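Source file: protein15.txt. Holds: compact mmCIF, C-alpha atoms.
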```
# COMPACT_ATOMS: atom_id res chain seq x y z
CA MET Y 1 0.19 -0.58 -28.59
CA GLU Y 2 3.30 -0.31 -30.75
CA GLU Y 3 3.10 3.49 -30.59
CA TYR Y 4 3.71 3.56 -26.85
CA LEU Y 5 6.22 0.70 -26.81
CA LYS Y 6 8.50 2.09 -29.54
CA LEU Y 7 9.70 -1.48 -29.97
CA ARG Y 8 12.03 -2.64 -32.71
CA PHE Y 9 13.07 -6.24 -32.13
CA ARG Y 10 16.66 -7.11 -32.98
CA ARG Y 11 16.49 -10.81 -33.69
CA GLY Y 12 19.67 -12.80 -33.41
CA GLY Y 13 21.40 -10.08 -31.39
CA PRO Y 14 23.07 -10.42 -27.99
CA LEU Y 15 19.95 -9.31 -26.10
CA PRO Y 16 17.17 -11.97 -25.90
CA LEU Y 17 13.73 -10.97 -27.18
CA HIS Y 18 12.10 -11.08 -23.76
CA HIS Y 19 14.73 -8.65 -22.41
CA GLN Y 20 14.00 -6.30 -25.30
CA LEU Y 21 10.28 -6.45 -24.50
CA VAL Y 22 10.92 -5.82 -20.79
CA GLU Y 23 13.09 -2.81 -21.59
CA ALA Y 24 10.44 -1.43 -23.97
CA PHE Y 25 7.81 -1.60 -21.22
CA ARG Y 26 10.21 -0.11 -18.64
CA GLU Y 27 10.91 2.82 -20.93
CA ALA Y 28 7.21 3.38 -21.71
CA ILE Y 29 6.41 3.46 -17.99
CA ARG Y 30 9.41 5.63 -17.13
CA GLU Y 31 8.60 8.19 -19.84
CA GLY Y 32 4.88 8.30 -19.02
CA ARG Y 33 3.62 6.72 -22.23
CA LEU Y 34 2.12 4.08 -19.95
CA GLN Y 35 0.42 5.47 -16.84
CA PRO Y 36 -0.41 3.76 -13.51
CA GLY Y 37 -3.65 1.84 -13.91
CA ASP Y 38 -3.36 1.43 -17.69
CA ARG Y 39 -4.47 -2.02 -18.81
CA LEU Y 40 -1.93 -3.99 -20.84
CA PRO Y 41 -2.83 -6.25 -23.78
CA SER Y 42 -3.30 -9.92 -22.93
CA GLU Y 43 -0.56 -12.45 -23.65
CA PRO Y 44 -2.34 -13.73 -26.84
CA GLU Y 45 -2.72 -10.12 -28.02
CA LEU Y 46 0.98 -9.43 -27.51
CA VAL Y 47 1.89 -12.65 -29.33
CA ALA Y 48 -0.32 -11.78 -32.30
CA ARG Y 49 0.66 -8.11 -32.55
CA LEU Y 50 4.39 -8.49 -31.97
CA GLY Y 51 4.96 -11.76 -33.80
CA ILE Y 52 6.81 -13.42 -30.93
CA SER Y 53 6.26 -16.63 -29.00
CA ARG Y 54 4.02 -16.93 -25.96
CA ALA Y 55 7.00 -18.19 -23.94
CA THR Y 56 8.84 -14.93 -24.71
CA VAL Y 57 5.84 -12.85 -23.60
CA ARG Y 58 5.39 -14.88 -20.40
CA GLN Y 59 9.05 -14.51 -19.50
CA ALA Y 60 8.89 -10.74 -20.01
CA MET Y 61 5.67 -10.38 -18.00
CA ALA Y 62 7.18 -12.45 -15.18
CA GLU Y 63 10.16 -10.05 -14.97
CA LEU Y 64 7.92 -6.99 -14.95
CA LEU Y 65 5.77 -8.56 -12.21
CA ALA Y 66 8.86 -9.36 -10.13
CA GLU Y 67 10.03 -5.75 -10.45
CA GLY Y 68 6.64 -4.48 -9.29
CA LEU Y 69 6.10 -2.50 -12.51
CA ILE Y 70 2.87 -4.32 -13.35
CA TYR Y 71 0.26 -6.32 -11.43
CA ARG Y 72 -2.42 -8.82 -12.33
CA TYR Y 73 -5.99 -8.66 -11.13
CA GLN Y 74 -7.70 -12.02 -11.47
CA GLY Y 75 -10.43 -11.96 -14.07
CA ARG Y 76 -9.64 -8.39 -15.18
CA GLY Y 77 -6.20 -8.43 -16.72
CA THR Y 78 -2.72 -6.96 -16.27
CA PHE Y 79 -2.17 -3.31 -15.32
CA VAL Y 80 0.64 -0.82 -14.86
CA ALA Y 81 1.40 -0.61 -11.15
CA PRO Y 82 1.05 2.68 -9.26
CA ARG Y 83 4.28 4.45 -8.40
CA LYS Y 84 5.65 3.32 -5.06
CA PHE Y 85 5.66 5.69 -2.09
CA GLU Y 86 9.06 5.80 -0.41
CA HIS Y 87 8.49 5.70 3.35
CA PRO Y 88 11.53 6.49 5.53
CA LEU Y 89 11.50 5.02 9.03
CA GLN Y 90 13.23 7.79 10.93
CA ARG Y 91 10.21 9.98 11.77
CA LEU Y 92 6.72 9.43 13.14
CA VAL Y 93 4.23 10.88 10.65
CA SER Y 94 0.57 10.30 10.01
CA PHE Y 95 -0.75 8.83 6.77
CA SER Y 96 -2.28 12.21 5.88
CA GLU Y 97 1.01 14.07 6.46
CA ASP Y 98 2.88 11.49 4.41
CA ILE Y 99 0.50 11.64 1.44
CA ARG Y 100 0.30 15.46 1.44
CA SER Y 101 4.11 15.65 1.44
CA ARG Y 102 3.99 13.80 -1.89
CA GLY Y 103 1.66 16.37 -3.42
CA MET Y 104 -1.36 14.07 -3.23
CA LYS Y 105 -4.72 14.35 -1.51
CA PRO Y 106 -5.31 11.95 1.42
CA SER Y 107 -8.77 10.75 2.33
CA SER Y 108 -10.46 7.95 4.26
CA ARG Y 109 -13.57 5.88 4.36
CA ILE Y 110 -14.60 4.77 7.85
CA LEU Y 111 -15.56 1.09 7.75
CA PHE Y 112 -16.07 0.69 11.52
CA PHE Y 113 -16.06 3.12 14.43
CA GLY Y 114 -17.07 1.92 17.87
CA HIS Y 115 -16.11 0.55 21.27
CA ILE Y 116 -15.29 -3.15 21.59
CA PRO Y 117 -13.78 -5.44 24.26
CA THR Y 118 -10.13 -6.00 23.43
CA ASP Y 119 -8.57 -9.39 22.76
CA SER Y 120 -5.39 -10.56 24.47
CA GLU Y 121 -3.03 -9.49 21.65
CA VAL Y 122 -4.28 -5.91 21.41
CA ALA Y 123 -4.47 -5.68 25.21
CA ALA Y 124 -0.81 -6.68 25.47
CA TYR Y 125 0.24 -3.93 23.07
CA LEU Y 126 -1.84 -1.32 24.88
CA LYS Y 127 -0.80 -2.65 28.33
CA ILE Y 128 -4.38 -3.05 29.53
CA PRO Y 129 -6.33 -6.08 30.82
CA PRO Y 130 -7.91 -8.32 28.15
CA GLY Y 131 -11.59 -7.59 27.72
CA LYS Y 132 -11.22 -3.90 28.56
CA THR Y 133 -13.21 -1.67 26.22
CA VAL Y 134 -11.21 0.21 23.58
CA LEU Y 135 -12.10 2.38 20.62
CA ARG Y 136 -11.65 0.60 17.31
CA ILE Y 137 -11.36 2.66 14.10
CA TYR Y 138 -11.16 0.70 10.86
CA ARG Y 139 -10.57 2.81 7.75
CA LEU Y 140 -9.85 2.46 4.05
CA ARG Y 141 -7.06 4.94 3.24
CA LEU Y 142 -6.89 6.63 -0.15
CA ALA Y 143 -4.42 8.83 -2.03
CA ASP Y 144 -5.97 10.91 -4.82
CA ASP Y 145 -9.06 8.68 -4.39
CA GLN Y 146 -7.00 5.54 -5.05
CA PRO Y 147 -7.19 2.80 -2.33
CA VAL Y 148 -3.72 2.30 -0.90
CA GLY Y 149 -4.24 0.74 2.51
CA LEU Y 150 -6.41 -0.37 5.40
CA HIS Y 151 -5.81 0.94 8.93
CA ASP Y 152 -7.20 -1.02 11.89
CA SER Y 153 -6.59 1.16 14.97
CA TYR Y 154 -7.24 0.49 18.66
CA LEU Y 155 -7.11 3.32 21.20
CA SER Y 156 -7.51 3.29 24.97
CA TYR Y 157 -8.29 6.08 27.45
CA LEU Y 158 -9.67 8.28 24.68
CA HIS Y 159 -13.09 9.71 23.84
CA LEU Y 160 -13.52 10.59 20.18
CA THR Y 161 -16.43 10.70 17.75
CA ALA Y 162 -16.61 9.68 14.11
CA GLN Y 163 -17.75 13.20 13.26
CA GLU Y 164 -14.62 14.68 14.88
CA LEU Y 165 -12.41 12.30 12.93
CA GLU Y 166 -14.11 13.03 9.61
CA SER Y 167 -13.82 16.75 10.25
CA ALA Y 168 -10.12 16.57 11.21
CA GLY Y 169 -9.25 14.14 8.40
CA SER Y 170 -6.22 12.87 10.32
CA LEU Y 171 -6.39 10.85 13.54
CA TYR Y 172 -3.03 12.20 14.73
CA ALA Y 173 -4.12 15.78 14.03
CA LEU Y 174 -7.31 15.15 16.02
CA LEU Y 175 -5.40 13.68 18.95
CA GLU Y 176 -2.95 16.59 19.01
CA SER Y 177 -5.83 19.09 18.86
CA LYS Y 178 -7.05 17.52 22.11
CA GLY Y 179 -3.66 18.04 23.75
CA ILE Y 180 -2.48 14.43 23.37
CA VAL Y 181 1.26 14.34 22.66
CA LEU Y 182 2.50 11.59 20.35
CA ALA Y 183 6.11 11.11 21.38
CA GLU Y 184 7.38 8.00 19.64
CA ALA Y 185 6.38 4.67 18.12
CA GLU Y 186 7.56 1.13 17.52
CA GLU Y 187 6.91 -0.58 14.18
CA THR Y 188 7.21 -4.07 12.82
CA ILE Y 189 6.92 -4.80 9.09
CA GLU Y 190 6.05 -8.13 7.51
CA ALA Y 191 4.44 -9.68 4.45
CA VAL Y 192 1.00 -11.29 4.76
CA ALA Y 193 -1.60 -12.71 2.38
CA ALA Y 194 -4.75 -10.70 1.66
CA ASN Y 195 -8.00 -12.16 2.94
CA PRO Y 196 -11.16 -11.77 0.80
CA GLU Y 197 -12.26 -8.54 2.53
CA GLN Y 198 -8.84 -6.88 2.20
CA GLY Y 199 -8.62 -7.94 -1.43
CA ARG Y 200 -12.03 -6.46 -2.15
CA PHE Y 201 -11.16 -3.07 -0.69
CA LEU Y 202 -7.67 -2.91 -2.22
CA ASN Y 203 -8.61 -4.40 -5.61
CA LEU Y 204 -6.41 -7.47 -5.11
CA PRO Y 205 -7.12 -11.19 -5.46
CA ARG Y 206 -7.41 -13.32 -2.35
CA GLY Y 207 -3.97 -14.44 -1.20
CA ALA Y 208 -2.13 -11.55 -2.86
CA PRO Y 209 0.81 -10.24 -0.81
CA LEU Y 210 0.22 -7.26 1.46
CA LEU Y 211 2.65 -5.21 3.51
CA LEU Y 212 1.57 -5.30 7.17
CA VAL Y 213 2.91 -2.52 9.38
CA SER Y 214 2.09 -2.94 13.07
CA ARG Y 215 2.64 0.20 15.14
CA VAL Y 216 2.37 1.13 18.81
CA VAL Y 217 2.32 4.89 19.49
CA TYR Y 218 3.41 6.15 22.91
CA ALA Y 219 2.87 9.28 24.98
CA PRO Y 220 5.94 10.95 26.54
CA ASP Y 221 5.47 8.87 29.72
CA GLN Y 222 5.53 5.67 27.60
CA THR Y 223 1.80 5.06 27.96
CA PRO Y 224 0.56 3.34 24.79
CA ILE Y 225 -1.97 5.51 23.00
CA GLU Y 226 -2.68 3.55 19.84
CA PHE Y 227 -2.05 0.13 18.39
CA VAL Y 228 -2.67 -0.06 14.64
CA ARG Y 229 -2.34 -2.70 11.97
CA ALA Y 230 -1.85 -1.04 8.60
CA TYR Y 231 -2.19 -3.19 5.49
CA TYR Y 232 -0.69 -1.67 2.34
CA HIS Y 233 -0.88 -2.58 -1.32
CA PRO Y 234 2.57 -4.08 -2.08
CA ASN Y 235 2.94 -2.16 -5.34
CA LEU Y 236 2.46 1.18 -3.61
CA TYR Y 237 4.73 1.27 -0.57
CA ARG Y 238 8.44 0.77 -0.12
CA TYR Y 239 10.05 1.27 3.29
CA SER Y 240 13.60 2.49 3.69
CA VAL Y 241 15.96 2.91 6.62
CA ARG Y 242 19.49 4.28 6.81
CA LEU Y 243 21.93 2.14 8.76
CA LYS Y 244 25.27 3.16 10.24
CA ARG Y 245 28.11 1.09 11.62
```

Show the structure stored in the file as structure tokens.
Amino acid sequence: MEEYLKLRFRRGGPLPLHHQLVEAFREAIREGRLQPGDRLPSEPELVARLGISRATVRQAMAELLAEGLIYRYQGRGTFVAPRKFEHPLQRLVSFSEDIRSRGMKPSSRILFFGHIPTDSEVAAYLKIPPGKTVLRIYRLRLADDQPVGLHDSYLSYLHLTAQELESAGSLYALLESKGIVLAEAEETIEAVAANPEQGRFLNLPRGAPLLLVSRVVYAPDQTPIEFVRAYYHPNLYRYSVRLKR
């Protein structure tokens, strides 16, 4: 452990010990000596190996958690968090386009694909009567085979097959190949707590925070094409928008 931390405590100096430990971990992550997914020693291990108090270790771990540099998985330990994906809000792009632009390989696992009667909330977004049949596509989204999100999509007026989607890889690419123009979208972003199913797929404990992005995609004539709820691992995505006055 000490070899990747390069830590030399300066006791009695102006910088508290927990700050020195935080900075050592920051530097190890920044320089690549600690990689995303690496498991960190437990608090008792850090206390024993570094010769510092448990309170000091806890304070340092709390800061690293707050910064999103590490995460805890109940029953498994503490790990280095994946690097966050910066997601600007100015342009409508698919998940696959976004991940490829970062030099990573997008992929999906279809969890559900079929026609269902819509509830009142989805019907309102799609501007159709409640109970009308829509196509629901529920997928686990991956980047370089790492689970990063869950997409729960609802589409009306469309006829697609699971085989077509798996072949195309991208839902938006498939829609555009069928001559469907995606003109614009509205998004809302909020924090929610992971339910047991979401936690299982995203390797998070129940109740862990998730980033929920709700999106309605429109055709040029303002007909809603898709309503999707996208749940993202909080340590992976960061949204940004440029504001002018």

Write out as a short mmCIF file (atom, residue, chain, number, x, y, z; two decimals) with C-alpha atoms, keeping the file's coordinate frame each polymer residue whose atoms come within 6 Å of region 21-29 of chain Y, counting all atoms listed in the file; drop sequence neighbours fewer than 3 positions from it.
```cif
data_model
loop_
_atom_site.label_atom_id
_atom_site.label_comp_id
_atom_site.auth_asym_id
_atom_site.auth_seq_id
_atom_site.Cartn_x
_atom_site.Cartn_y
_atom_site.Cartn_z
CA LEU Y 5 6.22 0.70 -26.81
CA HIS Y 18 12.10 -11.08 -23.76
CA GLY Y 32 4.88 8.30 -19.02
CA ARG Y 33 3.62 6.72 -22.23
CA LEU Y 34 2.12 4.08 -19.95
CA ALA Y 60 8.89 -10.74 -20.01
#
```

**OP:** May I ask which of the residues Y:Tyr231, Y:Gly77, Y:Pro117, Y:Pro106 is the closest one to Glu43 (chain Y), counting all atoms listed in the file?
**Re:** Y:Gly77

Subject >> Top pick for closest residue to Leu50 (chain Y), considering Y:Ala173, Y:Val93, Y:Arg76, Y:Leu17 and counting all atoms listed in the file >> reply: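 Nearest candidate to Leu50 (chain Y) out of Y:Ala173, Y:Val93, Y:Arg76, Y:Leu17: Y:Leu17.
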
Would you write out, as a tab-separated table, a table of all residues in region 62-124 of chain Y that have an atom no more than 12 Å from an atom of region 203-208 of chain Y, listing for each the closest atom pair and the distance in Å to one decimal, considering only C-alpha atoms and ordering rows by chain and rising residue number?
```
residue	atom	partner	partner_atom	distance
Y:Tyr71	CA	Y:Leu204	CA	9.3
Y:Arg72	CA	Y:Leu204	CA	8.4
Y:Tyr73	CA	Y:Leu204	CA	6.2
Y:Gln74	CA	Y:Pro205	CA	6.1
Y:Gly75	CA	Y:Pro205	CA	9.3
Y:Arg76	CA	Y:Asn203	CA	10.4
Y:Gly77	CA	Y:Pro205	CA	11.6
Y:Thr78	CA	Y:Leu204	CA	11.8
Y:Phe79	CA	Y:Asn203	CA	11.7
```

**OP:** Quick one: pull the distance between CA of Tyr138 (chain Y) and CA of Ile70 (chain Y), Å, one decimal.
**Re:**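 Straight-line distance from CA of Tyr138 (chain Y) to CA of Ile70 (chain Y) works out to 28.4 Å.
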
**OP:** Would you list the contacts of Met104 (chain Y) as a list of chain:residue names, taking every protein, DNA or RNA residue within 12 Å and counting all atoms listed in the file, but skipping same-chain residues closer than 3 positions in sequence?
**Re:**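 Counting all atoms listed in the file, the residues come to Y:Phe85, Y:Phe95, Y:Ser96, Y:Glu97, Y:Asp98, Y:Ile99, Y:Arg100, Y:Ser101, Y:Ser107, Y:Leu142, Y:Ala143, Y:Asp144, Y:Asp145, Y:Gln146.
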
**OP:** Determine, counting only C-alpha atoms, which protein, DNA and RNA residues have an atom within 12 Å of an atom of Ile128 (chain Y); residues of the same chain fewer than 3 positions away are not included. Present the result as number ranges by chain.
**Re:** Y: 117-125, 131-134, 154-157, 223-227

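Put simply, CA of His151 (chain Y) is 24.8 Å away from CA of Leu69 (chain Y).
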
Would you tabulate, counting all atoms listed in the file, all residues of region 24-111 of chain Y that have an atom at most 12 Å from an atom of region 158-164 of chain Y, showing the closest pair of atoms and their distance in Å to one decimal, sorted by chain then ascending number, as a tab-separated table?
```
residue	atom	partner	partner_atom	distance
Y:Ser108	CA	Y:Ala162	CA	11.7
Y:Arg109	CA	Y:Ala162	CA	10.9
Y:Ile110	CA	Y:Ala162	CA	8.2
Y:Leu111	CA	Y:Ala162	CA	10.7
```

Subject >> Between CA of Glu187 (chain Y) and CA of Lys105 (chain Y) - distance in Å to one decimal >> reply: 24.6 Å

**OP:** Rank nothing, just name the residue among Y:Gln35, Y:Met61, Y:Gly68, Y:Glu186 nearest to Pro209 (chain Y), using all atoms listed in the file.
**Re:**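 When distances to Pro209 (chain Y) are compared using all atoms listed in the file, the smallest one comes from Y:Gly68.
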
**OP:** Compile the contact shell of Leu182 (chain Y) as JSON, numbers by chain: residues with an atom at most 9 Å away, counting all atoms listed in the file, same-chain residues fewer than 5 positions apart removed.
**Re:** {"Y": [92, 172, 175, 176, 217, 218, 219, 220, 225]}

Subject >> Nearest candidate to Arg136 (chain Y) (options Y:His115, Y:Arg54, Y:Lys244, Y:His233; using all atoms listed in the file) >> reply: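 Of the candidates, the smallest distance to Arg136 (chain Y) is held by Y:His115.
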
**OP:** Would you be able to write out as a list in words which residues have an atom within 7 Å of (-6.6, -3.7, 1.9) in the file's coordinates, counting all atoms listed in the file?
**Re:**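 Those residues, ordered by chain and then number, are Gly149, Leu150, Gln198, Gly199, Phe201, Leu202, Tyr231, Tyr232 and His233 of chain Y.
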
Specify the axis-aligned box that encloses all atoms of region 159-170 of chain Y listed in the file after padding of 5 Å on each side, stating its centre and edge lengths in Å to one decimal as lines of an AutoDock Vina configuration file.
```
center_x = -12.0
center_y = 13.2
center_z = 16.1
size_x = 21.5
size_y = 17.1
size_z = 25.4
```
